[in-house]
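Chemist: Sending over a structure as structure tokens; questions will come in a sec.
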Amino acid sequence: MERFDVVIIGGGPAGMAAALGARESGASVAILERDDRLGGILNQCIHNGFGLHYFGEELTGPEYAKRFRDQVTKDGGIKVFLEAMVLSLTEDRLVRAISPTAGLLEIEAGSVVLAMGCRERSAGAIALAGTRPAGIYTAGMAQRLSNIDGYLVGKEVVILGSGDIGLIMARRMTSEGAKVKLVAEIMPFSSGLKRNIVQCLNDYDIPLRYSTTVTRVAGEGRLVGVYVAPVDDKMVPDLSREEYIPCDTLLLSVGLIPENDLLNGSKVEMSRVTSGAVVDEYRQTSVPGVFSAGNVLHVHDLVDNVSEEAFVAGRSAAGFARGELSGGDTVNVLPSQGVRYALPQRIHKGEGKIKIYFRVDKVYQGRTVVVKCGEEVIRKKKTLVMAPGEMQNIEIDASLVTGDVSIYTEE
Amino acid sequence: MNTTCIMCPMGCSLTIEEIGGAITVKGNGCPRGEKYGRAEYTHPERVVTTLLKGAFGGVVSVKTDRPIPKDKIGDLLAWAASYRLERAVSTGDVIEENAADTGANIVATSDFIMK
């Protein structure tokens with residue numbers, strides 16, 4: 001049986017950054033990646049806009065991935081297992097995986113970093129009504145077929161959901177010669193970036209209808225059209241105003257779910273809001289020696305934040321493997337009044353700065369973010385605008401933390 | 001011209017008008033919006049990312065190495081659709097100089113191996 005100080009499950013942006021973080025302190029590292037290359041979802045995100053914060057320049061997804069991949073593969077202390085699917089993780093950190101080249105792998109881990117990313121909500125997950133024809137894809141699946149495999153999945157397209165992947169795919173399909181007839185968004189606003197609405201939809205005159213959803217799909221064999229209808233403020237569609245749109249393809253961009261199946265039946269405490277683990281500032285879960293970072297922990301909007309978070313997780317995991325990670329009591333970070341969740345959910349009292357990431361529950365203008373410990377305000381920050389689609393952060397002084405911390409917004 | 005400012009999540013609705021040679025931007029909440037609106041009116045530009053097909057199958061992702069005028073995006077995409085790559089390339093390689101007369105070079109953003 002092989003043994004590594006740090007075993008990382010997943011070789012996307014989080015896994016690669018975690019590996020580099022762990023290597024910084026000399027740990028032996030293994031990455032287990034189920035695809036045939038490192039890079040994860042970045043490999044299929046051929047648009048630009050990645051890396052502005054981390055590298056200070058605008059890169060495409062494959063370029064961003066390559067920066068990390070080159071460092072990982074150059075580093076003699078990181079062993080990469082490709083096409084390796086992890087089947088189980090035990091409490092004493094025995095990792096079992098299978099791969100067509102290595103067969104059954106059993107690896108003993110000093111510590112584990114979970115970096116499995118997330119997957120898309122599918123037609124089944126949103127209980128899409130109607131027949132079950134071909135031509136219904138999640139936006140990311142269509143993106144992979146287009147950008148990695150070179151297949152255009154359809155010619156006349158309707159997109160449900162205006163998340164960033166949906167918007168990006170509207171432009172991509174248009175660039176490849178398809179006609180995108182409509183982007184329908186059930187909410188009265190888009191969770192996608194303004195930049196993507198302007199540059200992916202407006203630039204190509206693609207219509208976006210808010211408070212509108214697909215009520216059912218039609219077609220035997222292949223999709224022939226979808227029905228759309230406006231929804232009221234309780235999101236109930238008004239079927240008297242249902243409209244039929246002929247199309248051969250429906251793309252779904254309706255949300256992402258952290259891929260934590262590996263933790264089913266484990267003792268890792270999960271958050272019902274993020275669908276990821278509950279972690280402290282080291283990104284350590286409730287099970288000692290098991291860390292989590294990236295989209296498997298909470299869905300990010302910027303890969304730059306994933307890299308930063310995973311680097312911390314990797315460095316901490318190496319510390320744990322050497323028995324040097326400081327433990328001690330934690331206090332809770334409790335979101336309220338406009339803050340939907342905050343992460344880490346637990347922090348240690350002590351020295352240094354702790355960056356708390358959070359998301360708000362709707363669009364706020366001119367609000368102040370307050371972090372309070374007991375009756376004492378330990379940090380205040382005025383903001384111009386905050387939107388649910390854009391993750392925020394605020395840094396606090398760990399030495400000011402004496403008990404549970406609350407984070408909220410006020411006028 | 002009406003557009004949405006993309007400089008921050010606020011997304012101000014901008015109205016840009018030209019009266020007697022003077023350009024005015026209205027609706028912006030800050031100076032960055034004024035600058036953005038002016039540029040979008042006078043010379044809107046975009047970095048374009050797309051795919052090129054290999055002559056014997058496969059695709060490679062590419063980008064323009066600088067922003068190109070928005071009204072030339074169609075020309076560039078038409079050129080890309082008809083182009084067939086006949087050699088292996090690595091990330092960063094220039095595949096075509098001044099592609100479709102846009103003033104930008106087409107650069108590979110991933111590696112491509114001939115099939």
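Lettering and numbering for the structure tokens are positional, with chains as A, B, ... in the shown order, residues counted from 1 in each chain, and ligands counted from 1 in the shown order.
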Using only C-alpha atoms, determine which residues of chain A fall within 7 Å of chain B; present them as an MDAnalysis selection string.
Modeler: chainID A and resid 46:47 60 62:63 148:150 175 194:195 198 385 387
Chemist: Would you export the selected residues with N, CA and C atoms as a PDB file, in the first residue's frame, please?
Modeler:
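Generated file (result-v3.pdb):
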ATOM      1  N   ILE A  46     -13.442  27.902 -22.563  1.00  0.00           N
ATOM      2  CA  ILE A  46     -12.451  28.515 -23.457  1.00  0.00           C
ATOM      3  C   ILE A  46     -12.560  30.037 -23.509  1.00  0.00           C
ATOM      4  N   HIS A  47     -13.586  30.597 -22.849  1.00  0.00           N
ATOM      5  CA  HIS A  47     -13.730  32.060 -22.812  1.00  0.00           C
ATOM      6  C   HIS A  47     -12.699  32.667 -21.865  1.00  0.00           C
ATOM      7  N   THR A  60      -7.847  32.634 -20.513  1.00  0.00           N
ATOM      8  CA  THR A  60      -8.936  31.700 -20.782  1.00  0.00           C
ATOM      9  C   THR A  60      -8.802  30.542 -19.779  1.00  0.00           C
ATOM     10  N   PRO A  62      -8.443  27.184 -20.216  1.00  0.00           N
ATOM     11  CA  PRO A  62      -7.320  26.262 -20.452  1.00  0.00           C
ATOM     12  C   PRO A  62      -5.964  26.884 -20.105  1.00  0.00           C
ATOM     13  N   GLU A  63      -5.833  28.198 -20.323  1.00  0.00           N
ATOM     14  CA  GLU A  63      -4.562  28.856 -19.978  1.00  0.00           C
ATOM     15  C   GLU A  63      -4.367  28.917 -18.468  1.00  0.00           C
ATOM     16  N   ILE A 148     -14.409  20.481 -26.135  1.00  0.00           N
ATOM     17  CA  ILE A 148     -13.404  19.426 -26.005  1.00  0.00           C
ATOM     18  C   ILE A 148     -13.548  18.442 -27.169  1.00  0.00           C
ATOM     19  N   ASP A 149     -14.796  18.035 -27.453  1.00  0.00           N
ATOM     20  CA  ASP A 149     -15.012  16.993 -28.451  1.00  0.00           C
ATOM     21  C   ASP A 149     -15.338  17.524 -29.839  1.00  0.00           C
ATOM     22  N   GLY A 150     -15.685  18.818 -29.947  1.00  0.00           N
ATOM     23  CA  GLY A 150     -15.911  19.421 -31.255  1.00  0.00           C
ATOM     24  C   GLY A 150     -17.268  19.136 -31.879  1.00  0.00           C
ATOM     25  N   SER A 175     -21.795  31.633 -31.883  1.00  0.00           N
ATOM     26  CA  SER A 175     -20.523  31.710 -32.623  1.00  0.00           C
ATOM     27  C   SER A 175     -20.347  30.529 -33.562  1.00  0.00           C
ATOM     28  N   LYS A 194     -22.982  40.754 -14.890  1.00  0.00           N
ATOM     29  CA  LYS A 194     -23.431  41.798 -15.829  1.00  0.00           C
ATOM     30  C   LYS A 194     -22.651  41.729 -17.138  1.00  0.00           C
ATOM     31  N   ARG A 195     -21.362  41.551 -16.982  1.00  0.00           N
ATOM     32  CA  ARG A 195     -20.473  41.486 -18.128  1.00  0.00           C
ATOM     33  C   ARG A 195     -20.927  40.401 -19.114  1.00  0.00           C
ATOM     34  N   VAL A 198     -24.153  41.432 -21.009  1.00  0.00           N
ATOM     35  CA  VAL A 198     -23.856  42.388 -22.080  1.00  0.00           C
ATOM     36  C   VAL A 198     -23.109  41.711 -23.228  1.00  0.00           C
ATOM     37  N   VAL A 385     -22.421  48.036  -3.719  1.00  0.00           N
ATOM     38  CA  VAL A 385     -23.456  47.122  -4.184  1.00  0.00           C
ATOM     39  C   VAL A 385     -23.018  45.679  -3.912  1.00  0.00           C
ATOM     40  N   ALA A 387     -24.439  41.611  -4.733  1.00  0.00           N
ATOM     41  CA  ALA A 387     -25.430  40.775  -5.422  1.00  0.00           C
ATOM     42  C   ALA A 387     -25.202  39.320  -5.021  1.00  0.00           C
TER      43      ALA A 387
END
Chemist: Using DSSP on the backbone coordinates, identify the residues of chain B assigned to strand (DSSP E or B); present them as a PDB file with N, CA and C atoms, in the first residue's frame.
Modeler:
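Listed below is the output, part-v4.pdb:
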ATOM      1  N   ASN B   2     -28.264  52.909 -25.896  1.00  0.00           N
ATOM      2  CA  ASN B   2     -28.456  52.460 -24.523  1.00  0.00           C
ATOM      3  C   ASN B   2     -27.633  51.194 -24.284  1.00  0.00           C
ATOM      4  N   THR B   3     -27.004  51.121 -23.130  1.00  0.00           N
ATOM      5  CA  THR B   3     -26.271  49.907 -22.781  1.00  0.00           C
ATOM      6  C   THR B   3     -26.186  49.790 -21.259  1.00  0.00           C
ATOM      7  N   THR B   4     -25.670  48.660 -20.801  1.00  0.00           N
ATOM      8  CA  THR B   4     -25.503  48.436 -19.362  1.00  0.00           C
ATOM      9  C   THR B   4     -24.022  48.502 -19.029  1.00  0.00           C
ATOM     10  N   SER B  13     -27.731  51.603 -16.041  1.00  0.00           N
ATOM     11  CA  SER B  13     -28.219  51.729 -17.424  1.00  0.00           C
ATOM     12  C   SER B  13     -27.712  53.046 -17.991  1.00  0.00           C
ATOM     13  N   LEU B  14     -26.924  52.937 -19.034  1.00  0.00           N
ATOM     14  CA  LEU B  14     -26.312  54.128 -19.608  1.00  0.00           C
ATOM     15  C   LEU B  14     -27.046  54.566 -20.873  1.00  0.00           C
ATOM     16  N   THR B  15     -27.190  55.857 -21.031  1.00  0.00           N
ATOM     17  CA  THR B  15     -27.675  56.427 -22.286  1.00  0.00           C
ATOM     18  C   THR B  15     -26.565  57.305 -22.836  1.00  0.00           C
ATOM     19  N   ILE B  16     -26.143  56.988 -24.052  1.00  0.00           N
ATOM     20  CA  ILE B  16     -25.041  57.745 -24.641  1.00  0.00           C
ATOM     21  C   ILE B  16     -25.557  58.475 -25.873  1.00  0.00           C
ATOM     22  N   GLU B  17     -25.319  59.765 -25.911  1.00  0.00           N
ATOM     23  CA  GLU B  17     -25.799  60.571 -27.038  1.00  0.00           C
ATOM     24  C   GLU B  17     -24.682  61.434 -27.589  1.00  0.00           C
ATOM     25  N   GLU B  18     -24.779  61.690 -28.877  1.00  0.00           N
ATOM     26  CA  GLU B  18     -23.817  62.594 -29.513  1.00  0.00           C
ATOM     27  C   GLU B  18     -24.597  63.746 -30.114  1.00  0.00           C
ATOM     28  N   ILE B  19     -24.374  64.900 -29.570  1.00  0.00           N
ATOM     29  CA  ILE B  19     -25.056  66.093 -30.092  1.00  0.00           C
ATOM     30  C   ILE B  19     -24.000  67.106 -30.513  1.00  0.00           C
ATOM     31  N   ALA B  22     -20.367  66.451 -29.577  1.00  0.00           N
ATOM     32  CA  ALA B  22     -20.046  66.232 -28.161  1.00  0.00           C
ATOM     33  C   ALA B  22     -20.776  64.982 -27.656  1.00  0.00           C
ATOM     34  N   ILE B  23     -20.024  64.077 -27.025  1.00  0.00           N
ATOM     35  CA  ILE B  23     -20.614  62.837 -26.532  1.00  0.00           C
ATOM     36  C   ILE B  23     -20.964  62.997 -25.057  1.00  0.00           C
ATOM     37  N   THR B  24     -22.224  62.685 -24.736  1.00  0.00           N
ATOM     38  CA  THR B  24     -22.611  62.728 -23.324  1.00  0.00           C
ATOM     39  C   THR B  24     -23.046  61.349 -22.858  1.00  0.00           C
ATOM     40  N   VAL B  25     -22.625  60.992 -21.640  1.00  0.00           N
ATOM     41  CA  VAL B  25     -23.031  59.718 -21.026  1.00  0.00           C
ATOM     42  C   VAL B  25     -23.923  60.059 -19.850  1.00  0.00           C
ATOM     43  N   LYS B  26     -25.127  59.460 -19.827  1.00  0.00           N
ATOM     44  CA  LYS B  26     -26.049  59.698 -18.707  1.00  0.00           C
ATOM     45  C   LYS B  26     -26.381  58.368 -18.032  1.00  0.00           C
ATOM     46  N   GLU B  45     -14.920  47.288 -28.295  1.00  0.00           N
ATOM     47  CA  GLU B  45     -13.942  46.234 -28.628  1.00  0.00           C
ATOM     48  C   GLU B  45     -14.161  45.013 -27.748  1.00  0.00           C
ATOM     49  N   ARG B  46     -13.825  43.848 -28.268  1.00  0.00           N
ATOM     50  CA  ARG B  46     -13.926  42.607 -27.505  1.00  0.00           C
ATOM     51  C   ARG B  46     -12.736  41.702 -27.839  1.00  0.00           C
ATOM     52  N   THR B  49     -12.914  34.696 -28.195  1.00  0.00           N
ATOM     53  CA  THR B  49     -12.397  33.335 -28.010  1.00  0.00           C
ATOM     54  C   THR B  49     -13.298  32.396 -28.804  1.00  0.00           C
ATOM     55  N   THR B  50     -12.704  31.446 -29.483  1.00  0.00           N
ATOM     56  CA  THR B  50     -13.510  30.480 -30.236  1.00  0.00           C
ATOM     57  C   THR B  50     -12.698  29.207 -30.460  1.00  0.00           C
ATOM     58  N   LEU B  51     -13.190  28.350 -31.366  1.00  0.00           N
ATOM     59  CA  LEU B  51     -12.527  27.081 -31.664  1.00  0.00           C
ATOM     60  C   LEU B  51     -12.089  27.055 -33.114  1.00  0.00           C
ATOM     61  N   LEU B  52     -11.007  26.355 -33.384  1.00  0.00           N
ATOM     62  CA  LEU B  52     -10.645  26.039 -34.770  1.00  0.00           C
ATOM     63  C   LEU B  52     -10.693  24.527 -34.920  1.00  0.00           C
ATOM     64  N   LYS B  53     -11.112  24.081 -36.105  1.00  0.00           N
ATOM     65  CA  LYS B  53     -11.173  22.637 -36.348  1.00  0.00           C
ATOM     66  C   LYS B  53      -9.845  22.145 -36.906  1.00  0.00           C
ATOM     67  N   GLY B  54      -9.461  20.934 -36.498  1.00  0.00           N
ATOM     68  CA  GLY B  54      -8.304  20.294 -37.093  1.00  0.00           C
ATOM     69  C   GLY B  54      -8.688  19.718 -38.446  1.00  0.00           C
ATOM     70  N   VAL B  59     -10.607  19.710 -32.144  1.00  0.00           N
ATOM     71  CA  VAL B  59     -10.705  21.172 -32.098  1.00  0.00           C
ATOM     72  C   VAL B  59      -9.628  21.729 -31.183  1.00  0.00           C
ATOM     73  N   VAL B  60      -9.259  22.983 -31.433  1.00  0.00           N
ATOM     74  CA  VAL B  60      -8.333  23.668 -30.532  1.00  0.00           C
ATOM     75  C   VAL B  60      -8.942  25.019 -30.169  1.00  0.00           C
ATOM     76  N   SER B  61      -8.844  25.378 -28.889  1.00  0.00           N
ATOM     77  CA  SER B  61      -9.377  26.667 -28.447  1.00  0.00           C
ATOM     78  C   SER B  61      -8.375  27.771 -28.752  1.00  0.00           C
ATOM     79  N   VAL B  62      -8.889  28.925 -29.189  1.00  0.00           N
ATOM     80  CA  VAL B  62      -8.035  30.052 -29.579  1.00  0.00           C
ATOM     81  C   VAL B  62      -8.626  31.361 -29.075  1.00  0.00           C
ATOM     82  N   LYS B  63      -7.787  32.420 -29.121  1.00  0.00           N
ATOM     83  CA  LYS B  63      -8.283  33.757 -28.780  1.00  0.00           C
ATOM     84  C   LYS B  63      -7.582  34.789 -29.655  1.00  0.00           C
ATOM     85  N   THR B  64      -8.176  35.966 -29.735  1.00  0.00           N
ATOM     86  CA  THR B  64      -7.457  37.071 -30.368  1.00  0.00           C
ATOM     87  C   THR B  64      -6.482  37.605 -29.322  1.00  0.00           C
ATOM     88  N   ILE B  68     -10.642  43.249 -30.461  1.00  0.00           N
ATOM     89  CA  ILE B  68     -10.888  43.677 -31.849  1.00  0.00           C
ATOM     90  C   ILE B  68     -12.186  44.485 -31.904  1.00  0.00           C
ATOM     91  N   PRO B  69     -12.342  45.338 -32.929  1.00  0.00           N
ATOM     92  CA  PRO B  69     -13.588  46.101 -33.040  1.00  0.00           C
ATOM     93  C   PRO B  69     -14.776  45.157 -33.066  1.00  0.00           C
ATOM     94  N   ARG B  84      -8.989  25.348 -41.354  1.00  0.00           N
ATOM     95  CA  ARG B  84      -8.667  23.983 -40.928  1.00  0.00           C
ATOM     96  C   ARG B  84      -7.193  23.938 -40.524  1.00  0.00           C
ATOM     97  N   LEU B  85      -6.946  23.582 -39.299  1.00  0.00           N
ATOM     98  CA  LEU B  85      -5.593  23.554 -38.757  1.00  0.00           C
ATOM     99  C   LEU B  85      -4.883  22.285 -39.221  1.00  0.00           C
ATOM    100  N   VAL B  89      -0.081  22.426 -32.524  1.00  0.00           N
ATOM    101  CA  VAL B  89       0.271  23.704 -31.902  1.00  0.00           C
ATOM    102  C   VAL B  89       0.270  23.563 -30.383  1.00  0.00           C
ATOM    103  N   VAL B  94       1.176  31.455 -32.182  1.00  0.00           N
ATOM    104  CA  VAL B  94       0.364  32.252 -33.103  1.00  0.00           C
ATOM    105  C   VAL B  94      -0.009  31.357 -34.282  1.00  0.00           C
ATOM    106  N   ILE B  95      -1.309  31.204 -34.526  1.00  0.00           N
ATOM    107  CA  ILE B  95      -1.776  30.352 -35.623  1.00  0.00           C
ATOM    108  C   ILE B  95      -1.962  31.175 -36.892  1.00  0.00           C
ATOM    109  N   GLU B  96      -2.475  32.386 -36.749  1.00  0.00           N
ATOM    110  CA  GLU B  96      -2.704  33.257 -37.909  1.00  0.00           C
ATOM    111  C   GLU B  96      -2.454  34.716 -37.504  1.00  0.00           C
ATOM    112  N   ILE B 106      -4.357  35.348 -34.093  1.00  0.00           N
ATOM    113  CA  ILE B 106      -5.072  34.245 -33.435  1.00  0.00           C
ATOM    114  C   ILE B 106      -4.038  33.359 -32.739  1.00  0.00           C
ATOM    115  N   VAL B 107      -4.238  33.181 -31.434  1.00  0.00           N
ATOM    116  CA  VAL B 107      -3.281  32.466 -30.598  1.00  0.00           C
ATOM    117  C   VAL B 107      -3.965  31.240 -29.982  1.00  0.00           C
ATOM    118  N   ALA B 108      -3.261  30.116 -29.974  1.00  0.00           N
ATOM    119  CA  ALA B 108      -3.799  28.898 -29.360  1.00  0.00           C
ATOM    120  C   ALA B 108      -3.868  29.073 -27.844  1.00  0.00           C
ATOM    121  N   PHE B 112      -2.700  21.297 -29.234  1.00  0.00           N
ATOM    122  CA  PHE B 112      -3.415  20.522 -30.243  1.00  0.00           C
ATOM    123  C   PHE B 112      -2.456  19.534 -30.886  1.00  0.00           C
TER     124      PHE B 112
END
Chemist: What is the distance between atom CA of Tyr227 of chain A and atom CA of Gln143 of chain A, in Å to one decimal?
Modeler: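 Taking atom CA of Tyr227 of chain A as the start and atom CA of Gln143 of chain A as the end point, the length is 23.7 Å.
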Chemist: Using only C-alpha atoms, which of A:Arg283, A:Lys382, A:Arg34, A:Arg209 sits nearest Ile356 of chain A?
Modeler: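 That would be A:Arg283, the residue with the smallest distance to Ile356 of chain A.
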Chemist: Within 6 Å of segment 105-114 of chain A, counting only C-alpha atoms, which residues qualify if same-chain residues fewer than 2 places away don't, as a PyMOL selection string?
Modeler: chain A and resi 1-9+93-98+116+289-292+317+321
Chemist: Restricted to N, CA and C atoms, what would the selected residues look like written as a PDB file, in the first residue's frame?
Modeler:
ATOM      1  N   MET A   1       0.833  -1.197   0.000  1.00  0.00           N
ATOM      2  CA  MET A   1       0.000   0.000   0.000  1.00  0.00           C
ATOM      3  C   MET A   1       0.873   1.255   0.000  1.00  0.00           C
ATOM      4  N   GLU A   2       0.514   2.191  -0.872  1.00  0.00           N
ATOM      5  CA  GLU A   2       1.279   3.433  -0.902  1.00  0.00           C
ATOM      6  C   GLU A   2       0.798   4.378   0.186  1.00  0.00           C
ATOM      7  N   ARG A   3       1.696   5.242   0.624  1.00  0.00           N
ATOM      8  CA  ARG A   3       1.315   6.252   1.610  1.00  0.00           C
ATOM      9  C   ARG A   3       1.797   7.622   1.166  1.00  0.00           C
ATOM     10  N   PHE A   4       0.938   8.614   1.311  1.00  0.00           N
ATOM     11  CA  PHE A   4       1.309  10.003   1.025  1.00  0.00           C
ATOM     12  C   PHE A   4       0.889  10.864   2.214  1.00  0.00           C
ATOM     13  N   ASP A   5       1.647  11.939   2.432  1.00  0.00           N
ATOM     14  CA  ASP A   5       1.259  12.864   3.508  1.00  0.00           C
ATOM     15  C   ASP A   5      -0.125  13.437   3.216  1.00  0.00           C
ATOM     16  N   VAL A   6      -0.299  13.901   1.975  1.00  0.00           N
ATOM     17  CA  VAL A   6      -1.562  14.542   1.605  1.00  0.00           C
ATOM     18  C   VAL A   6      -2.115  13.882   0.347  1.00  0.00           C
ATOM     19  N   VAL A   7      -3.338  13.391   0.429  1.00  0.00           N
ATOM     20  CA  VAL A   7      -4.005  12.825  -0.745  1.00  0.00           C
ATOM     21  C   VAL A   7      -5.143  13.765  -1.147  1.00  0.00           C
ATOM     22  N   ILE A   8      -5.123  14.187  -2.411  1.00  0.00           N
ATOM     23  CA  ILE A   8      -6.109  15.158  -2.890  1.00  0.00           C
ATOM     24  C   ILE A   8      -7.047  14.467  -3.861  1.00  0.00           C
ATOM     25  N   ILE A   9      -8.330  14.583  -3.582  1.00  0.00           N
ATOM     26  CA  ILE A   9      -9.318  13.930  -4.436  1.00  0.00           C
ATOM     27  C   ILE A   9      -9.871  14.968  -5.405  1.00  0.00           C
ATOM     28  N   ARG A  93      -8.681   7.406   7.049  1.00  0.00           N
ATOM     29  CA  ARG A  93      -8.095   8.002   5.840  1.00  0.00           C
ATOM     30  C   ARG A  93      -7.403   6.994   4.919  1.00  0.00           C
ATOM     31  N   LEU A  94      -8.111   5.899   4.687  1.00  0.00           N
ATOM     32  CA  LEU A  94      -7.690   4.969   3.652  1.00  0.00           C
ATOM     33  C   LEU A  94      -8.529   5.299   2.415  1.00  0.00           C
ATOM     34  N   VAL A  95      -7.842   5.601   1.303  1.00  0.00           N
ATOM     35  CA  VAL A  95      -8.553   5.993   0.089  1.00  0.00           C
ATOM     36  C   VAL A  95      -8.494   4.850  -0.911  1.00  0.00           C
ATOM     37  N   ARG A  96      -9.664   4.420  -1.392  1.00  0.00           N
ATOM     38  CA  ARG A  96      -9.711   3.367  -2.406  1.00  0.00           C
ATOM     39  C   ARG A  96     -10.167   3.968  -3.722  1.00  0.00           C
ATOM     40  N   ALA A  97      -9.434   3.636  -4.787  1.00  0.00           N
ATOM     41  CA  ALA A  97      -9.785   4.161  -6.106  1.00  0.00           C
ATOM     42  C   ALA A  97      -9.556   3.076  -7.142  1.00  0.00           C
ATOM     43  N   ILE A  98     -10.188   3.221  -8.322  1.00  0.00           N
ATOM     44  CA  ILE A  98      -9.890   2.306  -9.419  1.00  0.00           C
ATOM     45  C   ILE A  98      -9.456   3.105 -10.635  1.00  0.00           C
ATOM     46  N   MET A 116     -13.507  17.760  -5.183  1.00  0.00           N
ATOM     47  CA  MET A 116     -14.231  17.075  -6.263  1.00  0.00           C
ATOM     48  C   MET A 116     -15.082  17.995  -7.115  1.00  0.00           C
ATOM     49  N   GLY A 289      -8.249  15.870   9.927  1.00  0.00           N
ATOM     50  CA  GLY A 289      -7.447  15.338   8.836  1.00  0.00           C
ATOM     51  C   GLY A 289      -8.163  15.331   7.497  1.00  0.00           C
ATOM     52  N   VAL A 290      -9.439  15.672   7.485  1.00  0.00           N
ATOM     53  CA  VAL A 290     -10.174  15.759   6.218  1.00  0.00           C
ATOM     54  C   VAL A 290     -10.490  17.231   5.935  1.00  0.00           C
ATOM     55  N   PHE A 291      -9.976  17.727   4.813  1.00  0.00           N
ATOM     56  CA  PHE A 291     -10.120  19.128   4.437  1.00  0.00           C
ATOM     57  C   PHE A 291     -10.978  19.223   3.177  1.00  0.00           C
ATOM     58  N   SER A 292     -11.477  20.406   2.894  1.00  0.00           N
ATOM     59  CA  SER A 292     -12.341  20.568   1.726  1.00  0.00           C
ATOM     60  C   SER A 292     -12.121  21.955   1.139  1.00  0.00           C
ATOM     61  N   ALA A 317      -3.484  20.958   5.333  1.00  0.00           N
ATOM     62  CA  ALA A 317      -3.485  19.489   5.303  1.00  0.00           C
ATOM     63  C   ALA A 317      -2.068  18.953   5.515  1.00  0.00           C
ATOM     64  N   ALA A 321      -0.713  16.570   8.599  1.00  0.00           N
ATOM     65  CA  ALA A 321       0.020  15.315   8.379  1.00  0.00           C
ATOM     66  C   ALA A 321       1.304  15.281   9.209  1.00  0.00           C
TER      67      ALA A 321
END
Chemist: Within 9 Å of Lys72 of chain B, counting only C-alpha atoms, which residues show up once you throw out same-chain ones fewer than 5 positions away? Write them as a list of chain:residue names, please.
Modeler: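 Counting only the stated atoms, we get B:Leu77, B:Ala100, B:Asp101, B:Thr102.
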Chemist: If DSSP is run on the backbone, what residues of segment 61-105 of chain B are alpha helix (DSSP H)? A reply as a PyMOL selection string would be ideal.
Modeler: chain B and resi 73-82
Chemist: Between B:Arg38, B:Arg32, B:Arg87, B:His43, which one has atoms that come closest to Phe56 of chain B, using only C-alpha atoms?
Modeler: B:Arg87
Chemist: Would you mind listing what lies within 10 Å of Val303 of chain A as number ranges by chain, with only C-alpha atoms counted and same-chain residues fewer than 4 positions away left out?
Modeler: A: 13-14, 42, 49-54, 61, 64, 294-295, 307-309
Chemist: Take the selection from the previous step and output its residues with N, CA and C atoms, as an mmCIF file, in the first residue's frame.
Modeler:
data_model
loop_
_atom_site.group_PDB
_atom_site.id
_atom_site.type_symbol
_atom_site.label_atom_id
_atom_site.label_comp_id
_atom_site.auth_asym_id
_atom_site.auth_seq_id
_atom_site.Cartn_x
_atom_site.Cartn_y
_atom_site.Cartn_z
ATOM 1 N N PRO A 13 -9.037 22.965 -10.601
ATOM 2 C CA PRO A 13 -8.350 24.124 -10.018
ATOM 3 C C PRO A 13 -8.122 23.981 -8.521
ATOM 4 N N ALA A 14 -9.112 23.464 -7.776
ATOM 5 C CA ALA A 14 -8.942 23.326 -6.321
ATOM 6 C C ALA A 14 -7.870 22.286 -6.004
ATOM 7 N N LEU A 42 -12.070 23.825 -16.102
ATOM 8 C CA LEU A 42 -11.369 24.917 -16.787
ATOM 9 C C LEU A 42 -11.035 24.550 -18.230
ATOM 10 N N GLY A 49 -11.385 35.794 -18.976
ATOM 11 C CA GLY A 49 -11.904 36.432 -17.772
ATOM 12 C C GLY A 49 -11.423 35.757 -16.502
ATOM 13 N N PHE A 50 -10.614 34.703 -16.659
ATOM 14 C CA PHE A 50 -10.080 34.013 -15.494
ATOM 15 C C PHE A 50 -8.746 34.630 -15.071
ATOM 16 N N GLY A 51 -8.510 34.682 -13.776
ATOM 17 C CA GLY A 51 -7.166 35.031 -13.311
ATOM 18 C C GLY A 51 -6.908 36.497 -13.029
ATOM 19 N N LEU A 52 -7.930 37.363 -13.207
ATOM 20 C CA LEU A 52 -7.703 38.796 -12.969
ATOM 21 C C LEU A 52 -7.201 39.070 -11.561
ATOM 22 N N HIS A 53 -7.742 38.343 -10.584
ATOM 23 C CA HIS A 53 -7.324 38.572 -9.205
ATOM 24 C C HIS A 53 -6.041 37.812 -8.871
ATOM 25 N N TYR A 54 -5.948 36.560 -9.308
ATOM 26 C CA TYR A 54 -4.833 35.701 -8.912
ATOM 27 C C TYR A 54 -3.569 36.014 -9.691
ATOM 28 N N GLY A 61 -9.859 29.724 -19.681
ATOM 29 C CA GLY A 61 -9.830 28.596 -18.750
ATOM 30 C C GLY A 61 -8.652 27.657 -18.968
ATOM 31 N N TYR A 64 -5.456 29.218 -17.761
ATOM 32 C CA TYR A 64 -5.388 29.271 -16.296
ATOM 33 C C TYR A 64 -5.009 27.882 -15.756
ATOM 34 N N GLY A 294 -12.780 24.562 -2.687
ATOM 35 C CA GLY A 294 -13.292 24.740 -4.048
ATOM 36 C C GLY A 294 -14.790 24.530 -4.115
ATOM 37 N N ASN A 295 -15.271 24.168 -5.300
ATOM 38 C CA ASN A 295 -16.717 24.067 -5.500
ATOM 39 C C ASN A 295 -17.371 22.915 -4.744
ATOM 40 N N SER A 307 -8.698 28.924 -6.130
ATOM 41 C CA SER A 307 -7.261 28.695 -5.999
ATOM 42 C C SER A 307 -6.772 29.144 -4.625
ATOM 43 N N GLU A 308 -7.205 30.335 -4.218
ATOM 44 C CA GLU A 308 -6.758 30.882 -2.945
ATOM 45 C C GLU A 308 -7.204 29.990 -1.781
ATOM 46 N N GLU A 309 -8.471 29.590 -1.832
ATOM 47 C CA GLU A 309 -9.026 28.753 -0.766
ATOM 48 C C GLU A 309 -8.331 27.387 -0.703
#
